[in-house]
Amino acid sequence: EWITDALGAQDAVCSGGRYDGLITQLGGEATPAIGFAMGVERVVALIEQAGTAPAAPTTDIYLVVQGDASVRVAIRLADELRGASSNRRVELNLGGGNFKAQFRRADRSGAPLALVLGEDELARGVVQLKPLREGAGEPTEINLHSVVSVVDQWLATHGSKNSEQERRT
């Protein structure tokens, strides 16, 4: 049993024991067994209390999309961006909404970068790269086929909170 005085009256975090007769009671053959149960929410509370909880990863790239054809391309693009880095977080909201509403969601996500793909951009084979944080550069139009390499370079230059966090852990 694992107990702590840091959680007040509910002090049990983990408990277990031997359960050699359990399978027989359930109609099976006698089998040696052990088991335990852990209160995951209590472990989380202890980690938070100790101040050792890692920061939740934030979104690196938010895709702002308009139009059915653009959505299909954006889904593939999000997959390529995620595949380029194991710690890259890409958010694509498929709930619709106009550009203004999507940019509000992008801002709330904490992403430093938005990629804009509307019908006009798709027709021209480009994506708008739009920094969402002050001092992170100007909006830029990039070729649809070079998005992954340009975003890699942009995140390397301007930083990804998730890659910094991964280096610390």
# chains A, B, ... in the order shown; residues from 1 in each chain; ligands from 1
>>> residues_around(residues="Ala111 of chain A", least_positions_apart="6", cutoff="9 Å", atoms="only C-alpha atoms", output="list in words")
Thr58, Thr59, Asp60, Ile61, Tyr62, Arg89, Val90, Glu91, Pro131, Leu132 and Arg133 of chain A
>>> select_by_dssp(residues="segment 20-153 of chain A", states="strand (DSSP E)", output="MDAnalysis selection string")
chainID A and resid 34:38 61:65 90:92 113:117 126:131 140:143
>>> closest_residue(among="A:Pro57, A:Gly83, A:Gly118, A:Gly8", to="Val71 of chain A", atoms="only C-alpha atoms")
A:Gly118
>>> residues_around(residues="Val43 of chain A", least_positions_apart="6", cutoff="12 Å", atoms="only C-alpha atoms", output="ChimeraX atom specification")
/A:2-4,6-7,11-14,37,49-50,52-53
>>> residues_around(residues="Gly17 of chain A", least_positions_apart="2", cutoff="10 Å", atoms="only C-alpha atoms", output="PyMOL selection string")
chain A and resi 1+15+19-20+33-37
>>> select_by_dssp(residues="segment 78-109 of chain A", states="helix (DSSP H, G or I)", output="list in words")
Ala78, Asp79, Glu80, Leu81, Arg82, Gly83, Phe99, Lys100, Ala101, Gln102, Phe103, Arg104, Arg105, Ala106, Asp107, Arg108 and Ser109 of chain A
>>> residues_around(residues="Asn143 of chain A", least_positions_apart="2", cutoff="9 Å", atoms="only C-alpha atoms", output="list in words")
Arg124, Gly125, Val126, Val127, Gln128, Glu141, His145, Ser146 and Val147 of chain A
>>> write_last_selection(atoms="C-alpha atoms", output="CSV table (one decimal), in the first residue's frame")
chain,number,residue,atom,x,y,z
A,124,ARG,CA,-2.9,29.6,-57.0
A,125,GLY,CA,-1.1,26.7,-55.3
A,126,VAL,CA,0.0,28.8,-52.3
A,127,VAL,CA,-0.6,29.0,-48.5
A,128,GLN,CA,-0.4,32.2,-46.4
A,141,GLU,CA,2.9,33.6,-49.2
A,145,HIS,CA,4.6,22.1,-52.0
A,146,SER,CA,7.3,23.8,-49.8
A,147,VAL,CA,5.1,24.3,-46.7
>>> atom_distance(atom1="atom CA of Val73 of chain A", atom2="atom CA of Arg108 of chain A")
23.7 Å
>>> atom_distance(atom1="atom CA of Arg105 of chain A", atom2="atom CA of Val151 of chain A")
20.0 Å
>>> atom_distance(atom1="atom CA of Phe99 of chain A", atom2="atom CA of Gly135 of chain A")
22.0 Å
